[in-house]
$ cat run-v3.cif   # mmCIF, C-alpha atoms
data_target
loop_
_atom_site.label_atom_id
_atom_site.label_comp_id
_atom_site.auth_asym_id
_atom_site.auth_seq_id
_atom_site.Cartn_x
_atom_site.Cartn_y
_atom_site.Cartn_z
CA MET A 1 0.00 0.00 0.00
CA GLN A 2 1.49 3.27 -1.13
CA ILE A 3 -0.08 6.21 0.66
CA GLU A 4 -0.12 9.08 -1.81
CA LYS A 5 -1.79 11.74 0.24
CA VAL A 6 -3.11 12.34 3.74
CA LEU A 7 -6.13 14.59 3.40
CA THR A 8 -6.32 17.92 5.18
CA GLU A 9 -9.38 18.97 7.12
CA LYS A 10 -10.47 21.08 4.15
CA GLU A 11 -10.11 18.11 1.79
CA ILE A 12 -12.00 15.82 4.19
CA ASN A 13 -14.72 18.40 4.28
CA GLU A 14 -14.86 18.30 0.49
CA ILE A 15 -15.23 14.49 0.52
CA GLU A 16 -18.05 14.77 3.04
CA LYS A 17 -19.77 17.30 0.81
CA ILE A 18 -19.42 15.04 -2.22
CA ILE A 19 -21.02 12.17 -0.32
CA GLU A 20 -23.75 14.48 0.95
CA ARG A 21 -24.42 15.87 -2.54
CA ASN A 22 -24.54 12.42 -4.14
CA TYR A 23 -26.49 10.46 -1.56
CA GLY A 24 -27.87 12.91 0.96
CA LEU A 25 -25.74 11.23 3.61
CA SER A 26 -24.14 13.14 6.40
CA ASN A 27 -21.49 11.77 8.70
CA THR A 28 -18.23 13.19 9.83
CA LEU A 29 -14.85 11.80 8.91
CA LYS A 30 -13.02 14.40 10.92
CA ASN A 31 -12.34 12.03 13.80
CA PHE A 32 -10.32 9.85 11.45
CA ILE A 33 -7.17 10.07 9.42
CA VAL A 34 -8.34 10.00 5.81
CA PHE A 35 -5.80 9.13 3.15
CA MET A 36 -5.58 8.25 -0.51
CA THR A 37 -3.72 5.53 -2.33
CA SER A 38 -3.38 4.92 -6.06
CA GLU A 39 -6.37 5.53 -8.35
CA ASP A 40 -7.87 7.97 -5.85
CA LYS A 41 -8.88 5.22 -3.43
CA ILE A 42 -9.95 6.60 -0.07
CA TRP A 43 -9.11 4.88 3.22
CA ILE A 44 -9.77 5.78 6.82
CA THR A 45 -8.27 4.81 10.14
CA ALA A 46 -7.88 6.16 13.66
CA LYS A 47 -5.15 8.67 14.45
CA GLU A 48 -3.38 6.30 16.84
CA VAL A 49 -3.29 3.57 14.19
CA PHE A 50 -1.92 5.90 11.55
CA ASN A 51 0.63 7.43 13.92
CA PHE A 52 1.85 4.07 15.23
CA ASN A 53 5.60 3.68 14.72
CA LYS A 54 5.75 1.70 11.46
CA GLU A 55 9.39 2.39 10.73
CA LYS A 56 10.51 -1.23 10.98
CA LEU A 57 7.30 -2.83 9.79
CA ARG A 58 6.65 -4.22 6.35
CA VAL A 59 3.17 -2.76 6.04
CA ASN A 60 0.72 -4.36 3.65
CA SER A 61 -2.32 -2.21 4.43
CA ILE A 62 -3.79 0.13 7.03
CA GLY A 63 -7.38 0.80 7.97
CA LEU A 64 -10.55 0.52 5.94
CA TYR A 65 -11.19 1.19 2.26
CA ILE A 66 -14.30 3.35 1.96
CA GLY A 67 -14.47 4.28 -1.69
CA LYS A 68 -12.99 5.72 -4.82
CA LEU A 69 -13.18 9.34 -5.88
CA LYS A 70 -14.30 9.79 -9.48
CA ARG A 71 -14.41 12.64 -11.94
CA ASN A 72 -17.19 15.23 -11.75
CA ASN A 73 -17.34 15.02 -7.96
CA LYS A 74 -18.76 11.51 -7.85
CA ILE A 75 -17.80 8.80 -5.44
CA ASN A 76 -17.99 5.02 -5.68
CA LEU A 77 -18.45 3.91 -2.08
CA SER A 78 -17.33 0.47 -0.95
CA LEU A 79 -19.85 -1.67 0.92
CA GLU A 80 -18.13 -0.68 4.17
CA GLY A 81 -18.17 2.97 3.09
CA ILE A 82 -21.92 2.65 2.58
CA HIS A 83 -22.34 1.01 5.98
CA LEU A 84 -20.33 3.80 7.58
CA PHE A 85 -22.49 6.49 6.03
CA ALA A 86 -25.79 4.88 5.22
CA ASN A 87 -28.01 6.41 7.84
CA LYS A 88 -30.81 7.75 5.68
CA PRO A 89 -29.73 8.43 2.13
CA ASN A 90 -32.32 10.30 0.07
CA ARG A 91 -30.65 10.50 -3.34
CA ASN A 92 -29.36 7.95 -5.80
CA VAL A 93 -30.91 4.99 -4.05
CA VAL A 94 -32.66 2.03 -5.65
CA VAL A 95 -34.66 -0.64 -3.89
CA VAL A 96 -34.78 -4.24 -5.08
CA ASN A 97 -36.87 -7.26 -4.16
CA GLU A 98 -35.53 -10.66 -3.10
CA GLU A 99 -35.25 -12.08 -6.60
CA LYS A 100 -33.38 -9.03 -7.89
CA MET A 101 -31.17 -8.94 -4.81
CA LYS A 102 -30.03 -12.47 -5.65
CA LYS A 103 -29.31 -11.52 -9.24
CA PHE A 104 -27.49 -8.39 -8.16
CA MET A 105 -25.29 -10.30 -5.70
CA GLN A 106 -24.42 -12.70 -8.51
CA GLY A 107 -23.15 -9.81 -10.59
CA SER A 108 -26.10 -9.11 -12.91
CA ASP A 109 -27.57 -5.75 -13.81
CA VAL A 110 -31.08 -5.30 -12.42
CA VAL A 111 -34.17 -3.20 -12.98
CA PRO A 112 -35.12 -1.91 -9.53
CA ASP A 113 -38.58 -1.88 -7.99
CA GLU A 114 -38.17 1.61 -6.68
CA LYS A 115 -35.79 4.45 -7.36
CA ILE A 116 -35.20 7.52 -5.25
CA ASN A 117 -33.88 10.63 -7.00
CA CYS A 118 -31.56 8.72 -9.32
CA GLU A 119 -29.33 10.69 -11.69
CA THR A 120 -28.43 9.03 -14.96
CA ASP A 121 -24.82 7.79 -15.11
CA ASN A 122 -24.27 8.39 -11.42
CA PHE A 123 -23.59 5.82 -8.72
CA VAL A 124 -26.61 4.46 -6.84
CA LEU A 125 -26.84 2.65 -3.53
CA VAL A 126 -28.75 -0.62 -3.81
CA LYS A 127 -31.07 -1.46 -0.94
CA TYR A 128 -32.83 -4.71 -0.07
CA LEU A 129 -35.19 -4.62 2.92
CA ASN A 130 -33.18 -2.78 5.60
CA ASP A 131 -29.76 -3.48 4.14
CA PHE A 132 -27.60 -1.64 1.66
CA ILE A 133 -26.11 -4.48 -0.36
CA GLY A 134 -23.86 -2.69 -2.83
CA ILE A 135 -23.47 -0.03 -5.43
CA GLY A 136 -24.16 0.29 -9.13
CA ILE A 137 -24.50 2.92 -11.85
CA TRP A 138 -27.93 4.16 -12.89
CA ARG A 139 -28.32 3.77 -16.68
CA GLU A 140 -31.74 5.14 -17.62
CA ASP A 141 -33.77 2.05 -16.76
CA LYS A 142 -31.48 -0.32 -14.89
CA VAL A 143 -28.65 -0.56 -12.41
CA GLU A 144 -25.31 -1.51 -13.88
CA ASN A 145 -23.70 -3.91 -11.44
CA LEU A 146 -20.53 -2.80 -9.63
CA VAL A 147 -20.37 -5.49 -6.95
CA PRO A 148 -16.67 -6.40 -6.77
CA LYS A 149 -15.85 -9.96 -7.76
CA SER A 150 -14.66 -10.76 -4.26
CA ARG A 151 -18.13 -9.96 -2.89
CA ARG A 152 -20.16 -11.79 -5.53
CA ILE A 153 -21.66 -15.21 -5.23
CA TYR A 154 -20.87 -17.35 -8.23
CA GLN A 155 -21.81 -20.94 -7.72
CA SER A 156 -25.09 -22.06 -6.27
CA PRO A 157 -27.83 -19.45 -5.96
CA ILE A 158 -27.57 -17.14 -2.99
CA GLN A 159 -29.18 -18.65 0.08
CA ILE A 160 -30.82 -16.12 2.34
CA MET B 1 -0.12 -40.92 9.74
CA ILE B 2 -1.65 -40.14 13.11
CA ASP B 3 -4.21 -42.58 14.46
CA VAL B 4 -6.72 -42.67 17.24
CA ASN B 5 -4.41 -44.68 19.53
CA ARG B 6 -2.12 -41.68 19.89
CA HIS B 7 -5.10 -39.55 20.85
CA LYS B 8 -6.46 -42.15 23.28
CA LYS B 9 -3.27 -41.57 25.26
CA ILE B 10 -4.29 -37.93 25.56
CA PHE B 11 -8.02 -38.13 26.13
CA GLY B 12 -8.31 -41.60 27.66
CA GLU B 13 -9.14 -45.07 26.38
CA GLY B 14 -12.78 -44.17 25.81
CA PHE B 15 -11.92 -41.49 23.25
CA ASP B 16 -12.87 -41.96 19.61
CA TYR B 17 -13.15 -39.58 16.68
CA PRO B 18 -16.65 -38.12 16.83
CA GLU B 19 -18.81 -37.83 13.75
CA ARG B 20 -18.82 -34.30 12.41
CA LYS B 21 -22.20 -32.65 12.97
CA ASN B 22 -23.69 -30.71 10.11
CA VAL B 23 -23.99 -27.36 11.84
CA TRP B 24 -22.62 -23.88 11.23
CA GLN B 25 -20.77 -22.00 13.92
CA LEU B 26 -20.53 -18.26 13.69
CA ARG B 27 -19.77 -15.08 15.56
CA SER B 28 -21.80 -11.94 15.09
CA ASN B 29 -19.68 -9.04 13.92
CA THR B 30 -20.71 -6.39 16.42
CA ILE B 31 -18.82 -3.72 14.49
CA LYS B 32 -21.66 -3.91 11.96
CA ILE B 33 -24.64 -5.44 13.77
CA SER B 34 -25.69 -6.22 17.33
CA SER B 35 -25.87 -9.86 18.37
CA ASN B 36 -29.56 -9.44 19.20
CA GLU B 37 -30.31 -8.09 15.72
CA LEU B 38 -28.39 -10.93 14.12
CA GLU B 39 -30.14 -13.47 16.32
CA ASN B 40 -33.55 -12.16 15.23
CA SER B 41 -32.50 -12.25 11.61
CA LEU B 42 -31.14 -15.82 11.88
CA ARG B 43 -34.19 -17.07 13.78
CA GLY B 44 -36.42 -15.69 11.05
CA LYS B 45 -34.65 -17.77 8.43
CA TYR B 46 -33.30 -20.95 9.96
CA GLN B 47 -35.04 -23.62 11.98
CA LYS B 48 -32.52 -24.18 14.71
CA VAL B 49 -30.45 -21.31 16.06
CA GLU B 50 -28.63 -21.66 19.37
CA ARG B 51 -26.92 -18.74 21.09
CA LEU B 52 -24.09 -19.79 23.35
CA ASN B 53 -24.25 -19.13 27.06
CA TRP B 54 -20.48 -18.80 27.46
CA TYR B 55 -20.12 -16.25 24.65
CA LYS B 56 -23.11 -14.09 23.76
CA ASP B 57 -21.80 -13.27 20.28
CA ALA B 58 -21.50 -16.95 19.26
CA PHE B 59 -24.19 -18.97 17.50
CA VAL B 60 -24.70 -22.51 16.27
CA VAL B 61 -27.06 -22.77 13.31
CA GLU B 62 -28.48 -25.96 11.90
CA THR B 63 -29.37 -25.70 8.23
CA GLU B 64 -28.74 -27.43 4.94
CA LYS B 65 -28.07 -24.06 3.35
CA ASN B 66 -24.57 -22.81 2.76
CA LEU B 67 -24.17 -19.88 5.14
CA SER B 68 -20.95 -18.77 3.48
CA LYS B 69 -23.18 -17.76 0.57
CA SER B 70 -25.77 -15.99 2.68
CA LEU B 71 -26.36 -12.27 2.29
CA GLU B 72 -25.50 -11.64 5.96
CA HIS B 73 -22.11 -13.25 5.48
CA ILE B 74 -21.35 -11.26 2.34
CA LEU B 75 -22.35 -8.05 4.13
CA GLY B 76 -20.01 -8.87 7.02
CA TYR B 77 -22.68 -9.34 9.68
CA PHE B 78 -21.07 -12.54 10.90
CA PHE B 79 -17.87 -14.53 10.71
CA LEU B 80 -17.95 -18.29 10.22
CA GLN B 81 -15.63 -19.54 12.92
CA ASN B 82 -15.35 -22.68 14.99
CA LEU B 83 -16.45 -22.15 18.59
CA SER B 84 -13.08 -23.35 19.89
CA SER B 85 -11.31 -20.76 17.80
CA MET B 86 -13.26 -18.00 19.59
CA ILE B 87 -11.62 -18.85 22.91
CA PRO B 88 -8.08 -17.37 22.50
CA PRO B 89 -9.27 -13.73 22.03
CA LEU B 90 -11.58 -14.13 25.04
CA VAL B 91 -8.61 -15.28 27.10
CA LEU B 92 -6.43 -12.39 25.87
CA GLU B 93 -9.23 -9.91 26.75
CA PRO B 94 -8.23 -7.07 24.44
CA ARG B 95 -9.67 -3.77 25.65
CA GLU B 96 -10.48 -0.45 24.05
CA GLY B 97 -7.40 1.61 23.29
CA GLU B 98 -4.85 -1.19 23.75
CA ILE B 99 -2.06 -2.07 21.33
CA ILE B 100 -2.14 -5.74 20.36
CA LEU B 101 0.05 -7.92 18.18
CA ASP B 102 -1.51 -10.86 16.33
CA ILE B 103 1.57 -12.70 15.06
CA ALA B 104 -0.04 -15.27 12.76
CA ALA B 105 -3.27 -13.52 11.90
CA SER B 106 -4.56 -14.90 8.60
CA PRO B 107 -7.38 -15.51 7.75
CA GLY B 108 -8.38 -13.01 10.41
CA SER B 109 -11.06 -14.75 12.46
CA LYS B 110 -9.38 -13.88 15.75
CA THR B 111 -8.17 -10.47 14.53
CA THR B 112 -11.71 -9.41 13.65
CA GLN B 113 -12.97 -10.84 16.94
CA MET B 114 -10.37 -8.82 18.86
CA ALA B 115 -11.28 -5.71 16.88
CA GLN B 116 -14.90 -6.02 17.94
CA LEU B 117 -13.90 -6.70 21.56
CA MET B 118 -11.95 -3.41 21.36
CA ASN B 119 -14.88 -1.57 19.74
CA ASP B 120 -12.59 -1.06 16.76
CA SER B 121 -10.38 1.27 18.82
CA GLY B 122 -6.72 1.00 19.82
CA VAL B 123 -4.29 -0.66 17.44
CA ILE B 124 -3.95 -4.24 16.19
CA ILE B 125 -0.87 -5.26 14.26
CA ALA B 126 -2.13 -8.20 12.21
CA ASN B 127 0.84 -10.06 10.84
CA ASP B 128 1.33 -13.07 8.64
CA ILE B 129 4.21 -14.39 6.67
CA THR B 130 3.11 -15.08 3.10
CA HIS B 131 1.62 -12.86 0.44
CA LEU B 132 -0.99 -15.52 -0.32
CA ARG B 133 -2.35 -15.32 3.23
CA MET B 134 -2.56 -11.52 3.05
CA LYS B 135 -5.46 -11.64 0.61
CA ALA B 136 -7.75 -13.60 2.91
CA LEU B 137 -6.74 -11.49 5.91
CA ARG B 138 -7.32 -8.18 4.16
CA GLY B 139 -10.57 -9.41 2.61
CA ASN B 140 -11.98 -10.44 5.98
CA LEU B 141 -10.89 -7.24 7.73
CA GLN B 142 -12.57 -5.21 4.99
CA ARG B 143 -15.74 -7.35 5.03
CA CYS B 144 -16.02 -6.89 8.78
CA GLY B 145 -15.46 -3.13 8.57
CA VAL B 146 -12.36 -3.17 10.80
CA MET B 147 -10.35 0.04 10.76
CA ASN B 148 -8.02 -0.27 13.78
CA THR B 149 -5.61 -2.65 12.09
CA ILE B 150 -2.21 -2.42 10.45
CA VAL B 151 -1.60 -5.49 8.30
CA THR B 152 2.04 -6.52 8.06
CA GLN B 153 3.76 -9.25 6.09
CA MET B 154 6.74 -10.40 8.13
CA ASP B 155 8.29 -13.54 9.54
CA GLY B 156 6.88 -13.87 13.06
CA LYS B 157 10.07 -15.61 14.17
CA LYS B 158 11.99 -12.41 13.41
CA PHE B 159 9.33 -9.89 14.36
CA PHE B 160 11.15 -9.11 17.62
CA ARG B 161 13.83 -7.38 15.53
CA THR B 162 11.43 -4.46 15.13
CA ASP B 163 12.17 -3.63 18.79
CA LEU B 164 8.46 -2.99 19.32
CA LYS B 165 6.92 -3.88 22.68
CA PHE B 166 3.35 -4.90 23.40
CA ASP B 167 1.14 -5.39 26.43
CA LYS B 168 -0.81 -8.15 24.75
CA ILE B 169 0.18 -10.63 22.06
CA LEU B 170 -1.82 -13.40 20.44
CA LEU B 171 0.11 -16.30 18.96
CA ASP B 172 -2.34 -18.62 17.28
CA ALA B 173 0.48 -20.70 15.95
CA PRO B 174 0.72 -22.52 12.64
CA CYS B 175 0.10 -26.15 13.58
CA THR B 176 -0.72 -29.60 12.26
CA GLY B 177 -4.43 -28.89 12.69
CA THR B 178 -5.16 -32.38 14.01
CA GLY B 179 -7.80 -30.88 16.32
CA THR B 180 -10.01 -30.35 13.29
CA LEU B 181 -10.04 -34.15 12.88
CA ASN B 182 -9.91 -33.60 9.14
CA PRO B 183 -9.19 -37.10 7.73
CA ARG B 184 -6.74 -35.67 5.20
CA ILE B 185 -4.78 -33.95 7.96
CA LEU B 186 -4.75 -37.04 10.16
CA LYS B 187 -3.54 -39.09 7.21
CA THR B 188 -0.73 -36.77 6.17
CA THR B 189 0.55 -35.72 9.61
CA SER B 190 3.70 -37.52 10.68
CA GLU B 191 5.70 -37.62 13.91
CA ARG B 192 8.46 -35.78 12.06
CA GLY B 193 6.01 -33.13 10.85
CA ILE B 194 4.82 -32.61 14.41
CA ARG B 195 8.43 -32.24 15.59
CA ASN B 196 9.23 -29.69 12.85
CA LEU B 197 6.19 -27.59 13.68
CA SER B 198 6.93 -27.82 17.37
CA ASN B 199 10.34 -26.28 16.69
CA THR B 200 8.81 -23.48 14.61
CA GLN B 201 6.29 -22.81 17.38
CA LYS B 202 9.09 -22.54 19.95
CA GLN B 203 10.84 -19.98 17.75
CA LEU B 204 7.61 -18.00 17.45
CA LEU B 205 7.11 -18.17 21.21
CA SER B 206 10.64 -16.97 21.78
CA SER B 207 10.09 -14.04 19.41
CA ALA B 208 6.79 -13.17 21.11
CA SER B 209 8.25 -13.32 24.61
CA LYS B 210 10.95 -10.81 23.62
CA MET B 211 8.27 -8.35 22.52
CA LEU B 212 6.23 -8.47 25.71
CA ASN B 213 6.33 -5.55 28.11
CA GLU B 214 6.77 -6.33 31.81
CA GLU B 215 3.46 -7.76 33.05
CA GLY B 216 2.47 -8.21 29.41
CA VAL B 217 0.23 -11.14 28.43
CA LEU B 218 0.83 -13.67 25.69
CA VAL B 219 -1.91 -16.08 24.67
CA TYR B 220 -0.69 -19.14 22.82
CA SER B 221 -3.12 -21.40 20.98
CA THR B 222 -3.23 -24.17 18.42
CA CYS B 223 -5.91 -26.33 16.84
CA SER B 224 -3.65 -29.32 17.32
CA LEU B 225 -4.17 -32.24 19.68
CA GLU B 226 -0.48 -33.08 19.86
CA PRO B 227 1.33 -32.49 23.18
CA GLU B 228 4.55 -31.64 21.31
CA GLU B 229 2.77 -28.58 19.89
CA ASN B 230 1.03 -27.70 23.12
CA GLU B 231 2.11 -28.65 26.66
CA GLU B 232 5.69 -29.31 25.59
CA ASN B 233 5.95 -25.77 24.18
CA ILE B 234 4.48 -24.23 27.31
CA ASP B 235 6.95 -26.23 29.39
CA TYR B 236 9.70 -24.72 27.21
CA VAL B 237 8.34 -21.18 27.66
CA VAL B 238 8.15 -21.57 31.43
CA ARG B 239 11.53 -23.23 31.90
CA LYS B 240 13.61 -21.46 29.23
CA LEU B 241 11.90 -18.11 28.59
CA GLY B 242 10.80 -17.37 32.12
CA LEU B 243 7.14 -16.61 31.46
CA VAL B 244 4.52 -17.78 33.93
CA THR B 245 1.22 -19.39 33.12
CA GLU B 246 -2.07 -18.10 34.50
CA LYS B 247 -5.34 -19.86 35.19
CA ILE B 248 -8.01 -19.33 32.56
CA ASN B 249 -11.30 -18.47 34.20
CA LEU B 250 -13.62 -19.22 31.34
CA ASN B 251 -16.53 -21.61 31.51
CA VAL B 252 -16.41 -23.05 28.02
CA SER B 253 -17.83 -26.30 26.76
CA ASN B 254 -15.66 -29.40 26.38
CA ARG B 255 -12.92 -28.05 28.60
CA VAL B 256 -10.54 -30.68 29.96
CA ASN B 257 -7.30 -30.53 31.89
CA SER B 258 -4.05 -30.26 30.00
CA LEU B 259 -1.51 -33.06 30.23
CA THR B 260 1.03 -33.22 33.03
CA ASP B 261 3.42 -35.49 31.13
CA TRP B 262 3.97 -37.06 27.72
CA ASN B 263 6.26 -39.82 26.51
CA ASN B 264 7.88 -40.14 29.94
CA LYS B 265 8.55 -36.44 30.13
CA LYS B 266 7.08 -34.64 33.12
CA PHE B 267 6.01 -31.06 32.45
CA ASP B 268 6.33 -28.13 34.84
CA ASP B 269 3.37 -28.13 37.24
CA SER B 270 2.18 -24.72 36.01
CA VAL B 271 1.49 -26.15 32.52
CA ALA B 272 -1.70 -27.45 34.10
CA ASN B 273 -3.10 -23.89 33.87
CA ALA B 274 -3.53 -24.34 30.13
CA LEU B 275 -6.84 -25.51 28.76
CA ARG B 276 -7.66 -28.17 26.24
CA ILE B 277 -10.87 -28.53 24.30
CA THR B 278 -11.94 -32.06 23.42
CA PRO B 279 -13.27 -32.35 19.88
CA ASP B 280 -16.91 -33.41 19.87
CA GLY B 281 -18.19 -33.11 16.31
CA ILE B 282 -19.03 -29.43 16.74
CA MET B 283 -16.08 -27.95 18.59
CA GLU B 284 -12.62 -28.61 17.24
CA GLY B 285 -9.86 -29.85 19.49
CA PHE B 286 -7.99 -26.80 20.75
CA PHE B 287 -5.26 -25.79 23.16
CA VAL B 288 -5.00 -22.38 24.83
CA CYS B 289 -2.53 -21.06 27.38
CA LYS B 290 -2.27 -17.65 29.02
CA LEU B 291 1.26 -16.54 29.85
CA ARG B 292 2.58 -13.47 31.61
CA LYS B 293 5.99 -11.84 31.65
CA CYS B 294 7.02 -11.03 35.22
#
$ encode --input "run-v3.cif" --output "structure tokens"
Amino acid sequence: MQIEKVLTEKEINEIEKIIERNYGLSNTLKNFIVFMTSEDKIWITAKEVFNFNKEKLRVNSIGLYIGKLKRNNKINLSLEGIHLFANKPNRNVVVVNEEKMKKFMQGSDVVPDEKINCETDNFVLVKYLNDFIGIGIWREDKVENLVPKSRRIYQSPIQI
Amino acid sequence: MIDVNRHKKIFGEGFDYPERKNVWQLRSNTIKISSNELENSLRGKYQKVERLNWYKDAFVVETEKNLSKSLEHILGYFFLQNLSSMIPPLVLEPREGEIILDIAASPGSKTTQMAQLMNDSGVIIANDITHLRMKALRGNLQRCGVMNTIVTQMDGKKFFRTDLKFDKILLDAPCTGTGTLNPRILKTTSERGIRNLSNTQKQLLSSASKMLNEEGVLVYSTCSLEPEENEENIDYVVRKLGLVTEKINLNVSNRVNSLTDWNNKKFDDSVANALRITPDGIMEGFFVCKLRKC
């Protein structure tokens, strides 16, 4: 893990605003150290973790990956990023039923049952019952699947 | 090949390999969900859900379904983990704000458990030796939403060269794994293999003991049934490294006394403070010892 930049309070504020603008989510990251690695990936950790003496350690990774900053002030949140922020989003949210949830978790695009203030070509949070299960891109009439391969279920159908 | 006769010497003549029960054992990930919420969710979906009395975050679920492919698992609401494997972090008792070293951390079951016991505060150094094992460790830490961890890829036997000191260290050592009673493992494990691993474990223990602060606690555990990997190593730590064992006050199922001798070798009396878990078809055979630097 190559840390490219530790964000300043002003930059953290900007990230919070981007998340707020895109999803209507508000939460503060100011209690954390927020840093970026390659490809504008955003990670967070506690100050004491980040400041721990790592001089003689061969570090592989630190903290939690919460998302990737994209052009035009958009942000692709990781599942954990969603869980960290997903109190009550009111923009760019789609709701799916059980059958579509299964398809989505297997990596397929889905047509949602409900959409809440979705902007075309922007990221949308996918919700099933009370859970946010992943993220996709809203393409006019369907959600393009962005569930990472490591979080998909390939073999037998998902068993809930 | 290891056979049941060797294990009868440990657990008594009446011991036999139990039939593996078709149940799932899991720990709620309280970083993401409360155990009560998870319990309600599980009870709504599966016929038989038992919550353990000795660890409120642990569950046994009976179902034909594959829980590793359940939505709750993918979302990181629980960790599939043998009940025995949940004991070492409970013995170490990591607390909020502490700095902990997990020397052989992958795949991260105990690391994530410690993180939740610490309310994701403090610092955990989660180390393992190979790049291959990093992927599983990092994946599980991410899935469970853990942010208090620094993942390192170093040889645990040489970790003491960092000159870092810790108040608490977990050494869940690489072992033969005979406590799992996996037929393949029992078939391929040899006396020589046990001896080689026992030596590696002693080196890891030596490294860990050097990194302990005064009054610091080291918890050593294996999922092996073999005394060479367990009591013999604790005897070594007590006699050669000067650590002292402490009683483990934990009312867990299947707990039996550790051995006092093996192959005509008498162990130090304090080795008796260690605990053994007898395999029973649900719980794997396990060995746990709490050591303190004085």
$ resolve_selection --input "run-v3.cif" --expression "the PyMOL selection byres ((chain B) within 7 of (chain A))" --output "compact mmCIF listing (two decimals) with C-alpha atoms, in the frame of the given file"
# COMPACT_ATOMS: atom_id res chain seq x y z
CA LYS B 65 -28.07 -24.06 3.35
CA ASN B 66 -24.57 -22.81 2.76
CA LYS B 69 -23.18 -17.76 0.57
CA SER B 70 -25.77 -15.99 2.68
CA LEU B 71 -26.36 -12.27 2.29
CA ILE B 74 -21.35 -11.26 2.34
CA LEU B 75 -22.35 -8.05 4.13
CA GLY B 122 -6.72 1.00 19.82
CA VAL B 123 -4.29 -0.66 17.44
CA GLN B 142 -12.57 -5.21 4.99
CA GLY B 145 -15.46 -3.13 8.57
CA VAL B 146 -12.36 -3.17 10.80
CA MET B 147 -10.35 0.04 10.76
CA ASN B 148 -8.02 -0.27 13.78
CA THR B 149 -5.61 -2.65 12.09
CA ILE B 150 -2.21 -2.42 10.45
CA VAL B 151 -1.60 -5.49 8.30
CA THR B 152 2.04 -6.52 8.06
CA GLN B 153 3.76 -9.25 6.09
CA MET B 154 6.74 -10.40 8.13
CA THR B 162 11.43 -4.46 15.13
$ resolve_selection --input "run-v3.cif" --expression "the PyMOL selection byres ((chain B and resi 277) around 7)" --output "MDAnalysis selection string"
chainID B and resid 254:256 275:276 278:279 285:287
$ atom_distance --input "run-v3.cif" --atom1 "atom CA of Asn97 of chain A" --atom2 "atom CA of Ser35 of chain B"
25.2 Å
$ atom_distance --input "run-v3.cif" --atom1 "atom CA of Asn264 of chain B" --atom2 "atom CA of Gly193 of chain B"
20.4 Å
$ atom_distance --input "run-v3.cif" --atom1 "atom CA of Ile135 of chain A" --atom2 "atom CA of Ser28 of chain B"
23.8 Å
$ residues_around --input "run-v3.cif" --residues "His7 of chain B" --least-positions-apart "6" --cutoff "12 Å" --atoms "all atoms listed in the file" --output "PyMOL selection string"
chain B and resi 13-17+178-179+181+186+224-227+259+262+278-279+285
$ residues_around --input "run-v3.cif" --residues "Lys88 of chain A" --least-positions-apart "2" --cutoff "9 Å" --atoms "all atoms listed in the file" --output "MDAnalysis selection string"
chainID A and resid 23:26 85:86 90
$ build_atoms --input "run-v3.cif" --residues "segment 114-121 of chain B" --atoms "N, CA, C and O atoms" --output "PDB file, in the frame of the given file"
ATOM      1  N   MET B 114     -11.018  -9.750  17.929  1.00  0.00           N
ATOM      2  CA  MET B 114     -10.370  -8.820  18.860  1.00  0.00           C
ATOM      3  C   MET B 114     -10.784  -7.388  18.555  1.00  0.00           C
ATOM      4  O   MET B 114     -11.021  -6.597  19.459  1.00  0.00           O
ATOM      5  N   ALA B 115     -10.879  -7.071  17.259  1.00  0.00           N
ATOM      6  CA  ALA B 115     -11.280  -5.710  16.880  1.00  0.00           C
ATOM      7  C   ALA B 115     -12.648  -5.371  17.451  1.00  0.00           C
ATOM      8  O   ALA B 115     -12.872  -4.262  17.951  1.00  0.00           O
ATOM      9  N   GLN B 116     -13.572  -6.317  17.402  1.00  0.00           N
ATOM     10  CA  GLN B 116     -14.900  -6.020  17.940  1.00  0.00           C
ATOM     11  C   GLN B 116     -14.891  -5.958  19.461  1.00  0.00           C
ATOM     12  O   GLN B 116     -15.612  -5.168  20.061  1.00  0.00           O
ATOM     13  N   LEU B 117     -14.030  -6.775  20.096  1.00  0.00           N
ATOM     14  CA  LEU B 117     -13.900  -6.700  21.560  1.00  0.00           C
ATOM     15  C   LEU B 117     -13.321  -5.345  21.975  1.00  0.00           C
ATOM     16  O   LEU B 117     -13.545  -4.873  23.090  1.00  0.00           O
ATOM     17  N   MET B 118     -12.566  -4.723  21.076  1.00  0.00           N
ATOM     18  CA  MET B 118     -11.950  -3.410  21.360  1.00  0.00           C
ATOM     19  C   MET B 118     -12.807  -2.262  20.828  1.00  0.00           C
ATOM     20  O   MET B 118     -12.361  -1.109  20.796  1.00  0.00           O
ATOM     21  N   ASN B 119     -14.016  -2.572  20.372  1.00  0.00           N
ATOM     22  CA  ASN B 119     -14.880  -1.570  19.740  1.00  0.00           C
ATOM     23  C   ASN B 119     -14.153  -0.838  18.612  1.00  0.00           C
ATOM     24  O   ASN B 119     -14.340   0.360  18.406  1.00  0.00           O
ATOM     25  N   ASP B 120     -13.328  -1.570  17.918  1.00  0.00           N
ATOM     26  CA  ASP B 120     -12.590  -1.060  16.760  1.00  0.00           C
ATOM     27  C   ASP B 120     -11.704   0.141  17.133  1.00  0.00           C
ATOM     28  O   ASP B 120     -11.433   1.007  16.299  1.00  0.00           O
ATOM     29  N   SER B 121     -11.280   0.184  18.397  1.00  0.00           N
ATOM     30  CA  SER B 121     -10.380   1.270  18.820  1.00  0.00           C
ATOM     31  C   SER B 121      -9.003   0.674  19.112  1.00  0.00           C
ATOM     32  O   SER B 121      -8.807  -0.523  18.969  1.00  0.00           O
TER      33      SER B 121
END
